[in-house]
file query_4.txt (compact mmCIF, C-alpha atoms)
# COMPACT_ATOMS: atom_id res chain seq x y z
CA MET A 28 -53.88 121.88 29.22
CA SER A 29 -55.62 118.68 28.14
CA ASN A 30 -54.14 116.19 25.72
CA ARG A 31 -57.02 116.91 23.37
CA SER A 32 -56.18 120.60 23.06
CA ARG A 33 -52.47 119.83 22.65
CA THR A 34 -53.11 117.70 19.57
CA GLY A 35 -55.88 119.87 18.12
CA ILE A 36 -55.51 123.39 16.83
CA PRO A 37 -52.66 125.29 18.53
CA ASN A 38 -52.80 128.99 19.39
CA SER A 39 -49.84 129.76 17.13
CA LEU A 40 -48.08 128.08 14.21
CA GLN A 41 -45.23 130.57 14.01
CA GLU A 42 -42.68 129.27 16.50
CA HIS A 43 -42.30 125.74 15.14
CA TRP A 44 -39.73 125.54 12.31
CA MET A 45 -40.95 122.44 10.46
CA PRO A 46 -38.56 119.98 8.76
CA PHE A 47 -38.61 119.36 4.99
CA THR A 48 -41.61 121.69 4.73
CA SER A 49 -42.55 124.88 2.92
CA ASN A 50 -43.15 126.66 6.22
CA LYS A 51 -44.69 129.78 4.68
CA GLY A 52 -47.10 127.76 2.56
CA PHE A 53 -48.00 125.32 5.31
CA LYS A 54 -48.79 128.01 7.86
CA LYS A 55 -51.18 129.69 5.42
CA ASP A 56 -53.05 126.42 4.88
CA PRO A 57 -52.06 123.90 7.56
CA ARG A 58 -52.67 120.16 7.54
CA LEU A 59 -52.78 119.20 11.21
CA ILE A 60 -53.25 115.55 12.10
CA THR A 61 -55.19 115.00 15.32
CA GLU A 62 -55.96 111.27 15.51
CA ALA A 63 -54.73 107.98 14.08
CA LYS A 64 -56.13 104.47 14.37
CA GLY A 65 -55.40 101.40 12.30
CA VAL A 66 -54.82 102.52 8.70
CA TYR A 67 -56.68 105.81 9.08
CA ILE A 68 -55.77 109.30 10.26
CA LYS A 69 -57.92 112.35 10.94
CA ASP A 70 -57.06 116.01 10.51
CA HIS A 71 -58.08 119.16 12.38
CA LYS A 72 -61.02 119.69 10.03
CA GLY A 73 -62.42 116.28 10.94
CA ARG A 74 -61.55 114.68 7.60
CA THR A 75 -60.59 111.01 7.64
CA GLN A 76 -57.83 109.80 5.32
CA ILE A 77 -56.28 106.45 4.60
CA ASP A 78 -52.56 106.24 5.32
CA ALA A 79 -50.98 105.11 2.06
CA SER A 80 -47.32 105.46 3.09
CA SER A 81 -47.31 104.01 6.62
CA GLY A 82 -46.47 107.47 7.94
CA LEU A 83 -42.91 107.81 6.65
CA PHE A 84 -42.60 104.03 6.05
CA CYS A 85 -42.51 103.67 9.85
CA ASN A 86 -46.03 102.51 10.83
CA PRO A 87 -46.43 99.20 8.94
CA LEU A 88 -48.44 97.68 11.82
CA GLY A 89 -50.93 100.53 11.73
CA HIS A 90 -51.59 103.27 14.25
CA GLY A 91 -52.58 102.99 17.89
CA ARG A 92 -51.45 99.40 18.53
CA LYS A 93 -52.44 98.65 22.12
CA GLU A 94 -49.77 95.96 22.48
CA ILE A 95 -47.03 98.53 21.89
CA ILE A 96 -48.67 101.25 23.97
CA ASN A 97 -49.14 98.86 26.90
CA ALA A 98 -45.54 97.63 26.67
CA ILE A 99 -44.24 101.21 26.73
CA THR A 100 -46.46 102.17 29.66
CA LYS A 101 -45.43 99.13 31.69
CA GLN A 102 -41.75 99.79 31.01
CA LEU A 103 -41.97 103.45 32.03
CA GLU A 104 -43.62 102.51 35.30
CA THR A 105 -40.69 100.22 36.14
CA LEU A 106 -37.56 101.71 34.56
CA ASP A 107 -37.52 104.91 32.53
CA PHE A 108 -33.82 105.37 31.72
CA VAL A 109 -30.52 103.56 31.91
CA THR A 110 -27.19 105.17 31.10
CA PRO A 111 -26.07 103.19 28.03
CA PHE A 112 -22.34 103.64 28.72
CA GLN A 113 -20.75 101.04 31.00
CA GLN A 114 -24.24 100.00 32.17
CA GLY A 115 -27.16 98.15 30.65
CA PHE A 116 -30.47 96.44 31.26
CA GLY A 117 -31.83 93.07 30.26
CA GLY A 118 -34.28 94.28 27.63
CA SER A 119 -31.64 95.62 25.23
CA PHE A 120 -29.83 92.28 25.24
CA GLU A 121 -33.09 90.37 24.72
CA LEU A 122 -33.97 92.61 21.77
CA ALA A 123 -30.51 92.17 20.21
CA THR A 124 -30.99 88.39 20.34
CA LYS A 125 -34.42 88.66 18.68
CA ILE A 126 -33.14 90.99 15.95
CA SER A 127 -30.18 88.72 15.21
CA LYS A 128 -32.57 85.83 14.53
CA HIS A 129 -33.92 87.78 11.55
CA THR A 130 -30.76 89.33 10.13
CA PRO A 131 -29.04 87.56 7.22
CA GLY A 132 -25.84 85.54 7.55
CA ASP A 133 -23.79 86.27 10.65
CA LEU A 134 -24.86 89.89 11.10
CA ASN A 135 -25.41 89.05 14.74
CA GLN A 136 -23.80 91.99 16.52
CA ILE A 137 -26.33 94.73 17.26
CA PHE A 138 -25.52 98.39 17.96
CA TYR A 139 -28.35 100.74 18.96
CA THR A 140 -28.72 104.33 17.80
CA ILE A 141 -31.59 106.83 17.91
CA CYS A 142 -32.85 106.94 14.29
CA GLY A 143 -32.01 106.00 10.72
CA SER A 144 -29.64 108.93 10.19
CA THR A 145 -27.59 108.01 13.26
CA ALA A 146 -27.63 104.35 12.24
CA VAL A 147 -25.97 105.31 8.94
CA GLU A 148 -23.47 107.56 10.73
CA THR A 149 -22.64 104.67 13.03
CA ALA A 150 -22.21 102.26 10.11
CA LEU A 151 -19.71 104.64 8.50
CA LYS A 152 -17.74 104.96 11.74
CA ILE A 153 -17.72 101.20 12.29
CA SER A 154 -16.29 100.77 8.76
CA ILE A 155 -13.40 103.11 9.54
CA ALA A 156 -12.81 101.53 12.96
CA TYR A 157 -12.73 98.05 11.42
CA HIS A 158 -10.13 98.90 8.82
CA LYS A 159 -7.97 100.69 11.38
CA ALA A 160 -8.17 97.71 13.71
CA ARG A 161 -6.92 95.39 10.95
CA GLY A 162 -4.05 97.68 10.04
CA GLN A 163 -5.62 99.38 7.02
CA GLY A 164 -6.31 102.81 8.45
CA HIS A 165 -5.49 104.38 5.08
CA ARG A 166 -8.94 103.35 3.83
CA PHE A 167 -10.86 106.62 4.12
CA ARG A 168 -13.07 106.77 1.05
CA PHE A 169 -16.75 105.89 0.82
CA VAL A 170 -18.74 105.10 -2.28
CA GLY A 171 -22.39 106.16 -2.39
CA ARG A 172 -24.88 106.42 -5.21
CA GLU A 173 -26.79 109.13 -7.04
CA ARG A 174 -30.39 109.64 -5.86
CA ALA A 175 -29.64 107.83 -2.61
CA TYR A 176 -30.96 109.00 0.75
CA HIS A 177 -29.06 108.05 3.89
CA GLY A 178 -30.39 110.60 6.37
CA MET A 179 -29.44 114.17 7.14
CA ASN A 180 -26.35 113.95 9.33
CA ILE A 181 -23.04 114.99 7.75
CA GLY A 182 -21.91 111.47 6.90
CA GLY A 183 -25.29 110.37 5.56
CA THR A 184 -25.69 113.53 3.48
CA SER A 185 -22.17 113.06 2.10
CA VAL A 186 -22.74 109.50 0.87
CA GLY A 187 -26.30 110.31 -0.18
CA GLY A 188 -27.17 111.53 -3.64
CA MET A 189 -30.24 113.73 -3.23
CA ILE A 190 -29.27 116.85 -5.17
CA ASN A 191 -30.84 119.54 -2.97
CA ASN A 192 -29.50 117.96 0.22
CA VAL A 193 -25.97 117.82 -1.19
CA LYS A 194 -25.98 121.28 -2.81
CA THR A 195 -27.27 123.01 0.31
CA PHE A 196 -24.51 121.68 2.56
CA ALA A 197 -21.73 121.01 0.04
CA ASN A 198 -19.14 123.10 1.89
CA ILE A 199 -19.29 120.99 5.06
CA LEU A 200 -19.61 117.46 3.65
CA MET A 201 -17.04 114.70 4.13
CA PRO A 202 -14.10 114.56 1.72
CA GLY A 203 -13.27 111.35 -0.10
CA VAL A 204 -16.81 110.39 -1.14
CA VAL A 205 -17.47 109.21 -4.70
CA HIS A 206 -20.86 108.36 -6.18
CA MET A 207 -21.95 105.62 -8.55
CA ARG A 208 -24.70 106.29 -11.07
CA HIS A 209 -28.25 105.50 -10.04
CA THR A 210 -29.98 102.51 -11.62
CA HIS A 211 -33.14 104.14 -12.98
CA LEU A 212 -32.83 103.80 -16.75
CA PRO A 213 -35.19 105.18 -19.44
CA GLU A 214 -36.28 101.65 -20.41
CA HIS A 215 -37.44 100.96 -16.86
CA LYS A 216 -40.81 102.64 -17.39
CA PHE A 217 -43.82 100.77 -16.00
CA VAL A 218 -41.74 97.81 -14.80
CA LYS A 219 -43.31 95.76 -12.05
CA GLY A 220 -40.61 94.21 -9.86
CA GLN A 221 -36.92 94.12 -10.78
CA PRO A 222 -35.87 95.47 -14.18
CA GLU A 223 -34.11 93.02 -16.49
CA THR A 224 -31.48 95.56 -17.57
CA GLY A 225 -28.99 97.70 -15.66
CA ALA A 226 -26.89 95.21 -13.67
CA GLU A 227 -23.81 96.48 -15.51
CA LEU A 228 -24.13 99.79 -13.64
CA ALA A 229 -22.56 98.03 -10.66
CA SER A 230 -19.31 98.20 -12.63
CA ASP A 231 -19.15 101.85 -11.58
CA LEU A 232 -17.72 100.54 -8.30
CA GLU A 233 -14.96 98.71 -10.15
CA ARG A 234 -14.18 101.86 -12.14
CA ILE A 235 -14.04 103.95 -8.96
CA ALA A 236 -11.80 101.37 -7.31
CA LYS A 237 -9.43 101.58 -10.28
CA ASN A 238 -9.43 105.38 -10.47
CA PHE A 239 -9.13 106.14 -6.75
CA GLY A 240 -7.38 102.99 -5.55
CA ALA A 241 -9.38 100.11 -4.11
CA GLU A 242 -6.97 100.08 -1.16
CA ASN A 243 -8.29 103.52 -0.16
CA ILE A 244 -12.00 102.60 -0.08
CA ALA A 245 -13.52 101.68 3.28
CA ALA A 246 -17.09 100.88 2.26
CA CYS A 247 -19.79 101.10 -0.38
CA ILE A 248 -23.25 102.03 0.89
CA VAL A 249 -26.55 101.56 -0.97
CA GLU A 250 -30.23 101.23 -0.27
CA PRO A 251 -31.33 97.90 -1.76
CA ILE A 252 -34.37 99.83 -3.01
CA SER A 253 -33.88 103.59 -3.10
CA GLY A 254 -36.93 104.67 -1.11
CA SER A 255 -37.10 108.38 -0.52
CA THR A 256 -36.13 109.27 -4.08
CA GLY A 257 -39.08 107.31 -5.47
CA THR A 258 -38.81 103.53 -5.07
CA LEU A 259 -35.97 102.71 -7.46
CA VAL A 260 -35.91 98.91 -7.62
CA PRO A 261 -32.48 97.33 -8.29
CA PRO A 262 -31.96 95.59 -11.64
CA LYS A 263 -31.61 91.83 -11.50
CA GLY A 264 -28.05 90.88 -10.58
CA TYR A 265 -27.01 94.44 -9.65
CA LEU A 266 -26.65 93.90 -5.89
CA ASN A 267 -24.91 90.55 -6.48
CA LYS A 268 -22.34 92.27 -8.66
CA LEU A 269 -21.71 94.94 -6.01
CA ARG A 270 -21.10 92.15 -3.51
CA GLU A 271 -18.59 90.47 -5.83
CA ILE A 272 -16.64 93.70 -6.40
CA CYS A 273 -16.58 94.50 -2.68
CA ASP A 274 -15.26 91.02 -1.91
CA LYS A 275 -12.59 91.33 -4.58
CA HIS A 276 -11.21 94.56 -3.09
CA GLU A 277 -11.99 93.96 0.63
CA ILE A 278 -14.45 96.84 0.60
CA LEU A 279 -17.27 96.62 3.15
CA LEU A 280 -20.79 96.55 1.71
CA ILE A 281 -23.38 98.47 3.73
CA PHE A 282 -27.09 98.04 3.09
CA ASP A 283 -29.23 100.91 4.34
CA GLU A 284 -32.45 99.07 5.17
CA VAL A 285 -34.06 101.84 7.19
CA ILE A 286 -37.01 101.73 4.75
CA THR A 287 -36.84 98.19 3.34
CA GLY A 288 -36.14 96.52 6.68
CA TRP A 289 -38.75 94.54 8.60
CA GLY A 290 -40.91 93.20 5.80
CA ARG A 291 -41.38 95.95 3.21
CA THR A 292 -40.15 93.66 0.39
CA GLY A 293 -41.98 90.58 1.68
CA SER A 294 -38.89 89.22 3.45
CA ALA A 295 -37.56 90.39 6.79
CA PHE A 296 -34.88 92.34 4.93
CA ALA A 297 -34.21 93.11 1.29
CA ALA A 298 -30.86 91.37 1.76
CA GLN A 299 -32.71 88.07 2.07
CA GLU A 300 -35.23 88.95 -0.63
CA TYR A 301 -32.44 89.51 -3.16
CA GLY A 302 -30.06 86.87 -1.81
CA VAL A 303 -27.19 89.28 -1.08
CA THR A 304 -25.66 89.55 2.39
CA PRO A 305 -23.98 92.86 3.29
CA ASP A 306 -21.28 93.31 5.93
CA ILE A 307 -23.20 95.98 7.81
CA MET A 308 -26.91 96.79 7.74
CA THR A 309 -28.90 99.70 9.14
CA MET A 310 -32.53 99.71 10.24
CA ALA A 311 -34.92 102.07 12.04
CA LYS A 312 -38.53 103.16 11.25
CA ALA A 313 -40.52 99.88 11.52
CA THR A 314 -38.26 98.66 14.35
CA THR A 315 -40.61 100.34 16.84
CA ASN A 316 -43.50 100.88 14.42
CA GLY A 317 -42.51 104.53 14.46
CA ILE A 318 -43.81 105.08 17.99
CA VAL A 319 -40.45 105.75 19.65
CA PRO A 320 -37.29 106.85 17.79
CA MET A 321 -34.75 104.05 17.43
CA GLY A 322 -32.01 103.04 15.02
CA VAL A 323 -30.12 99.77 14.78
CA VAL A 324 -26.91 98.68 13.09
CA ALA A 325 -26.34 94.97 12.51
CA VAL A 326 -22.72 93.98 11.97
CA LYS A 327 -20.95 90.78 10.93
CA GLU A 328 -19.28 88.95 13.79
CA LYS A 329 -15.88 89.25 12.08
CA ILE A 330 -16.11 93.06 12.13
CA TYR A 331 -17.14 93.15 15.78
CA ASP A 332 -14.44 90.68 16.80
CA THR A 333 -11.73 92.59 14.92
CA ILE A 334 -12.59 95.90 16.58
CA VAL A 335 -13.13 94.50 20.07
CA ASN A 336 -10.08 92.24 20.07
CA SER A 337 -7.77 95.02 18.86
CA ALA A 338 -8.23 96.94 22.12
CA PRO A 339 -6.52 96.08 25.42
CA GLU A 340 -8.58 94.51 28.19
CA GLY A 341 -10.68 97.06 30.06
CA VAL A 342 -10.41 99.75 27.39
CA ILE A 343 -13.40 101.11 25.44
CA GLU A 344 -13.16 99.51 22.02
CA MET A 345 -15.44 101.85 20.06
CA PHE A 346 -15.60 105.51 21.02
CA HIS A 347 -19.10 106.07 19.77
CA GLY A 348 -22.66 106.02 21.09
CA TYR A 349 -25.65 108.16 22.02
CA THR A 350 -27.40 109.16 25.24
CA TYR A 351 -30.53 107.42 23.97
CA SER A 352 -28.89 104.27 22.57
CA GLY A 353 -31.22 101.38 23.40
CA ILE A 354 -33.13 103.18 26.14
CA PRO A 355 -35.86 101.17 27.92
CA VAL A 356 -38.89 102.82 26.30
CA ALA A 357 -37.55 102.25 22.76
CA VAL A 358 -36.57 98.68 23.57
CA ALA A 359 -40.03 97.98 25.04
CA ALA A 360 -41.67 99.22 21.85
CA ALA A 361 -39.32 97.17 19.67
CA LEU A 362 -39.88 94.00 21.69
CA ALA A 363 -43.65 94.44 21.37
CA VAL A 364 -43.20 94.89 17.62
CA GLN A 365 -41.18 91.67 17.44
CA ASP A 366 -44.04 89.84 19.14
CA ILE A 367 -46.53 91.20 16.60
CA PHE A 368 -44.26 90.23 13.69
CA GLU A 369 -44.31 86.66 14.94
CA LYS A 370 -47.93 86.34 16.06
CA GLU A 371 -49.40 87.87 12.92
CA ASP A 372 -46.88 86.38 10.46
CA ILE A 373 -46.36 89.91 9.20
CA PHE A 374 -43.65 89.29 6.61
CA ASN A 375 -45.68 86.66 4.80
CA ARG A 376 -48.74 88.88 5.04
CA ALA A 377 -46.84 91.63 3.25
CA LYS A 378 -45.54 89.19 0.62
CA ASN A 379 -49.02 87.80 -0.06
CA LEU A 380 -50.53 91.27 -0.44
CA SER A 381 -47.82 92.53 -2.80
CA SER A 382 -49.19 91.39 -6.16
CA TYR A 383 -52.65 92.78 -5.39
CA PHE A 384 -51.14 96.10 -4.34
CA LEU A 385 -48.90 96.36 -7.41
CA ASP A 386 -51.75 95.44 -9.76
CA GLY A 387 -53.83 98.23 -8.24
CA LEU A 388 -51.00 100.73 -8.46
CA PHE A 389 -50.22 99.92 -12.10
CA SER A 390 -53.91 100.30 -12.99
CA LEU A 391 -53.31 104.07 -12.72
CA LYS A 392 -51.02 104.13 -15.78
CA ASP A 393 -53.89 105.29 -18.02
CA ILE A 394 -54.07 108.72 -16.34
CA ASP A 395 -52.57 111.32 -18.70
CA CYS A 396 -50.18 112.98 -16.25
CA VAL A 397 -48.71 109.70 -14.99
CA GLU A 398 -45.26 109.31 -16.53
CA ASN A 399 -44.10 106.11 -14.85
CA ILE A 400 -45.00 103.56 -12.18
CA ARG A 401 -42.70 101.04 -10.51
CA GLY A 402 -42.79 98.93 -7.39
CA TYR A 403 -41.70 95.91 -5.40
CA GLY A 404 -43.25 94.26 -2.37
CA LEU A 405 -45.36 96.88 -0.66
CA MET A 406 -43.45 99.84 -2.10
CA GLY A 407 -44.42 101.83 -5.15
CA GLY A 408 -43.53 105.03 -6.94
CA ILE A 409 -45.73 107.06 -9.31
CA ASP A 410 -43.95 109.70 -11.39
CA ILE A 411 -46.02 112.72 -12.41
CA LYS A 412 -45.04 114.64 -15.54
CA MET A 413 -43.05 117.71 -14.60
CA SER A 414 -44.82 121.06 -14.82
CA GLU A 415 -42.68 124.21 -15.15
CA LYS A 416 -40.13 123.16 -12.51
CA PRO A 417 -39.24 119.96 -10.61
CA GLY A 418 -41.53 119.23 -7.68
CA LYS A 419 -44.37 121.58 -8.57
CA ALA A 420 -46.58 118.91 -10.14
CA GLY A 421 -45.80 116.36 -7.43
CA PHE A 422 -46.77 118.70 -4.61
CA SER A 423 -49.93 119.80 -6.44
CA VAL A 424 -50.97 116.15 -6.85
CA TYR A 425 -50.15 115.50 -3.20
CA LYS A 426 -52.54 118.28 -2.15
CA GLU A 427 -55.28 117.04 -4.50
CA CYS A 428 -54.92 113.52 -3.10
CA TYR A 429 -54.99 114.86 0.44
CA GLU A 430 -58.34 116.46 -0.38
CA ALA A 431 -59.47 113.16 -1.92
CA GLY A 432 -58.78 111.37 1.36
CA VAL A 433 -55.45 109.60 0.84
CA ASN A 434 -52.23 110.54 2.61
CA PHE A 435 -48.72 109.64 1.45
CA LYS A 436 -45.18 110.97 0.99
CA ALA A 437 -44.22 112.88 -2.14
CA THR A 438 -40.64 113.57 -3.21
CA GLY A 439 -40.18 115.92 -6.13
CA ASP A 440 -42.64 114.76 -8.78
CA CYS A 441 -42.91 111.23 -7.39
CA LEU A 442 -45.71 109.92 -5.21
CA ILE A 443 -44.35 107.25 -2.87
CA ILE A 444 -46.89 104.65 -1.85
CA ALA A 445 -46.08 102.18 0.94
CA PRO A 446 -49.25 100.95 2.66
CA PRO A 447 -49.33 99.40 6.13
CA PHE A 448 -48.85 95.63 6.20
CA ILE A 449 -52.13 95.20 8.08
CA CYS A 450 -54.12 96.45 5.08
CA GLU A 451 -56.89 94.28 3.71
CA LYS A 452 -57.53 94.16 -0.02
CA SER A 453 -60.42 96.57 0.53
CA HIS A 454 -57.93 99.10 1.93
CA ILE A 455 -55.73 98.72 -1.15
CA ASP A 456 -58.82 99.31 -3.30
CA GLU A 457 -59.58 102.45 -1.33
CA ILE A 458 -56.03 103.75 -1.70
CA VAL A 459 -56.04 103.16 -5.46
CA GLU A 460 -59.52 104.66 -5.89
CA LYS A 461 -58.59 107.82 -3.98
CA LEU A 462 -55.27 108.11 -5.81
CA ARG A 463 -57.16 107.95 -9.09
CA LYS A 464 -59.52 110.67 -7.91
CA GLY A 465 -56.76 112.97 -6.65
CA ILE A 466 -54.42 112.48 -9.62
CA GLY A 467 -57.38 112.75 -11.99
CA ASN A 468 -58.50 116.03 -10.45
CA TYR A 469 -55.00 117.44 -10.86
CA SER A 470 -54.85 116.24 -14.47
CA LYS A 471 -58.16 117.93 -15.32
CA THR A 472 -57.10 121.18 -13.64
CA SER A 473 -53.69 121.29 -15.32
CA LYS A 474 -55.25 120.66 -18.74
CA LYS A 475 -57.73 123.47 -18.17
CA ASN A 476 -54.98 125.86 -17.07
CA SER A 477 -52.80 125.03 -20.09
CA LYS A 478 -55.47 126.11 -22.57

call {"tool": "encode", "arguments": {"input": "query_4.txt", "output": "structure tokens"}}
result
Amino acid sequence: MSNRSRTGIPNSLQEHWMPFTSNKGFKKDPRLITEAKGVYIKDHKGRTQIDASSGLFCNPLGHGRKEIINAITKQLETLDFVTPFQQGFGGSFELATKISKHTPGDLNQIFYTICGSTAVETALKISIAYHKARGQGHRFRFVGRERAYHGMNIGGTSVGGMINNVKTFANILMPGVVHMRHTHLPEHKFVKGQPETGAELASDLERIAKNFGAENIAACIVEPISGSTGTLVPPKGYLNKLREICDKHEILLIFDEVITGWGRTGSAFAAQEYGVTPDIMTMAKATTNGIVPMGVVAVKEKIYDTIVNSAPEGVIEMFHGYTYSGIPVAVAAALAVQDIFEKEDIFNRAKNLSSYFLDGLFSLKDIDCVENIRGYGLMGGIDIKMSEKPGKAGFSVYKECYEAGVNFKATGDCLIIAPPFICEKSHIDEIVEKLRKGIGNYSKTSKKNSK
């Protein structure tokens, strides 16, 4: 079978159980992507669309980058796999050094995983291991936040705050998890950048520490910008206050930067953009430009030293890892991505494009069905007024926009826009124009149906 036929129209759609998808609906009217190049993708009907969400935030350098493809090919021809336990290869150490040059503060110890979900799971385990190593093994609680998304493993789902994810698996989630309120307030409508109000919501952590005992809390985990729930930008001072409370009670602060990491805010990481350094930080997606699965956890040297030095010589210090932790093909992709970041000054490119992107996005506020718009850097969220039940309007708009030639991620009734960093202003114009067409078509249809 040729590669062309494998990526075209398959003989059957029935056997593949698709993730986060209405399988019955999709298989009646499939959207099959067959090609991708630069900022454009093509479907099985030959329609070209502009990628307005960088895949799932993971293709900021665009599709089909020859530098990455060539690096992967060359690596596979030389070394395809190395057992990551008690062995290693030079590339993973080189990549760790390169990553540590971008991470904030002394988050210089790099642990590889296989995706964002496993990076979060690893961060949670490291938190527990650290406290045990320093004689505080009684710290078992984690503090998450409403409307947060930290992946779909048990730990990540437990600390996450996406209602359907939590309700579906409530009987198997971790005990000892408490959630802070989310930061999306009613007065935050049509705010470009960080809201002025809401920093006081960080006091939820202080309240939880008082009610459950600060001495029992291992870590607090947040996304600097809540991505998958609809680009919830933190109020000014909010993250700083979380840092202060964590320091006061010796609680570790974990930033989940799987989405915001590697330039999405205009800085390498949101930690630097907002001037708040966490103790542990996760990343994935853009690390390999989405071409090969990979997750990364960056840890403060103090945490690494405490865990490693607590074990006797010759004994495994951290009983955790994955078969595909830092495998050669993923490392090759990530190293090629690092080269592109540097050669094309990607982070500054994203920062310089931000205001133009946000201006374009906020120009859509005049459409009747648009309830709210917010954004920061090259991330934006457009809320569509709910129709009958949550998610119905959002998915209907998504399909209208797909027909209009723009592809993106929709969560509930929110359209999440996160264009590739390689976009020119003309691409931003095209995204906005096609969003206006798609949203406008939905608005006209819904008005007609309501009469």

call {"tool": "residues_around", "arguments": {"input": "query_4.txt", "residues": "Lys327 in chain A", "least_positions_apart": "2", "cutoff": "9 Å", "atoms": "only C-alpha atoms", "output": "ChimeraX atom specification"}}
result
/A:132-136,305-307,325,329-332

call {"tool": "closest_residue", "arguments": {"input": "query_4.txt", "among": "A:Pro87, A:Gly322, A:Gly387, A:Gly203", "to": "Asn243 in chain A", "atoms": "only C-alpha atoms"}}
result
A:Gly203

call {"tool": "closest_residue", "arguments": {"input": "query_4.txt", "among": "A:Asp366, A:Asp70, A:Asp78, A:Asp56", "to": "Lys436 in chain A", "atoms": "all atoms listed in the file"}}
result
A:Asp78

call {"tool": "atom_distance", "arguments": {"input": "query_4.txt", "atom1": "CA of Ser80 in chain A", "atom2": "CA of Thr292 in chain A"}}
result
14.1 Å

call {"tool": "residues_near_point", "arguments": {"input": "query_4.txt", "point": "(-36.7, 86.1, 16.5)", "cutoff": "10 Å", "atoms": "all atoms listed in the file", "output": "ChimeraX atom specification"}}
result
/A:121-130,362,365-366,368-369

call {"tool": "closest_residue", "arguments": {"input": "query_4.txt", "among": "A:Ala246, A:Cys450, A:Ala359, A:Ala229", "to": "Phe169 in chain A", "atoms": "only C-alpha atoms"}}
result
A:Ala246

call {"tool": "residues_around", "arguments": {"input": "query_4.txt", "residues": "range 99-111 of chain A", "least_positions_apart": "5", "cutoff": "12 Å", "atoms": "all atoms listed in the file", "output": "PyMOL selection string"}}
result
chain A and resi 92-94+116-120+138-140+315+318-319+347-364

call {"tool": "atom_distance", "arguments": {"input": "query_4.txt", "atom1": "CA of Asn198 in chain A", "atom2": "CA of Ile278 in chain A"}}
result
26.7 Å

call {"tool": "closest_residue", "arguments": {"input": "query_4.txt", "among": "A:Val397, A:Val66, A:Ala445, A:Ile286", "to": "Lys216 in chain A", "atoms": "all atoms listed in the file"}}
result
A:Val397

call {"tool": "atom_distance", "arguments": {"input": "query_4.txt", "atom1": "CA of Gly302 in chain A", "atom2": "CA of Pro262 in chain A"}}
result
13.3 Å

call {"tool": "closest_residue", "arguments": {"input": "query_4.txt", "among": "A:Gly404, A:Pro339, A:Gly317, A:Gly52", "to": "Ala295 in chain A", "atoms": "all atoms listed in the file"}}
result
A:Gly404

call {"tool": "closest_residue", "arguments": {"input": "query_4.txt", "among": "A:Pro251, A:Ala437, A:Leu88, A:Phe167", "to": "Glu371 in chain A", "atoms": "only C-alpha atoms"}}
result
A:Leu88

call {"tool": "decode", "arguments": {"input": "query_4.txt", "residues": "range 48-59 of chain A", "atoms": "N, CA and C atoms", "output": "short mmCIF file (atom, residue, chain, number, x, y, z; two decimals), in the first residue's frame"}}
result
data_model
loop_
_atom_site.label_atom_id
_atom_site.label_comp_id
_atom_site.auth_asym_id
_atom_site.auth_seq_id
_atom_site.Cartn_x
_atom_site.Cartn_y
_atom_site.Cartn_z
N THR A 48 -13.83 12.84 20.49
CA THR A 48 -14.55 12.99 19.23
C THR A 48 -15.94 12.38 19.34
N SER A 49 -16.92 13.00 18.72
CA SER A 49 -18.23 12.36 18.54
C SER A 49 -18.06 11.35 17.41
N ASN A 50 -17.74 10.12 17.76
CA ASN A 50 -17.41 9.12 16.75
C ASN A 50 -18.56 8.87 15.78
N LYS A 51 -19.79 8.80 16.31
CA LYS A 51 -20.93 8.54 15.43
C LYS A 51 -21.11 9.68 14.42
N GLY A 52 -21.02 10.90 14.91
CA GLY A 52 -21.18 12.06 14.04
C GLY A 52 -20.06 12.18 13.03
N PHE A 53 -18.83 11.97 13.49
CA PHE A 53 -17.67 12.11 12.60
C PHE A 53 -17.73 11.10 11.46
N LYS A 54 -18.08 9.87 11.78
CA LYS A 54 -18.05 8.82 10.76
C LYS A 54 -19.16 8.95 9.73
N LYS A 55 -20.19 9.75 10.06
CA LYS A 55 -21.22 10.07 9.08
C LYS A 55 -20.75 11.16 8.13
N ASP A 56 -19.93 12.07 8.65
CA ASP A 56 -19.44 13.19 7.85
C ASP A 56 -17.99 13.49 8.24
N PRO A 57 -17.05 12.66 7.78
CA PRO A 57 -15.67 12.76 8.24
C PRO A 57 -14.92 13.99 7.70
N ARG A 58 -13.96 14.42 8.49
CA ARG A 58 -13.02 15.47 8.09
C ARG A 58 -11.63 14.85 8.14
N LEU A 59 -11.17 14.36 7.02
CA LEU A 59 -9.89 13.66 6.94
C LEU A 59 -8.82 14.57 6.35
#
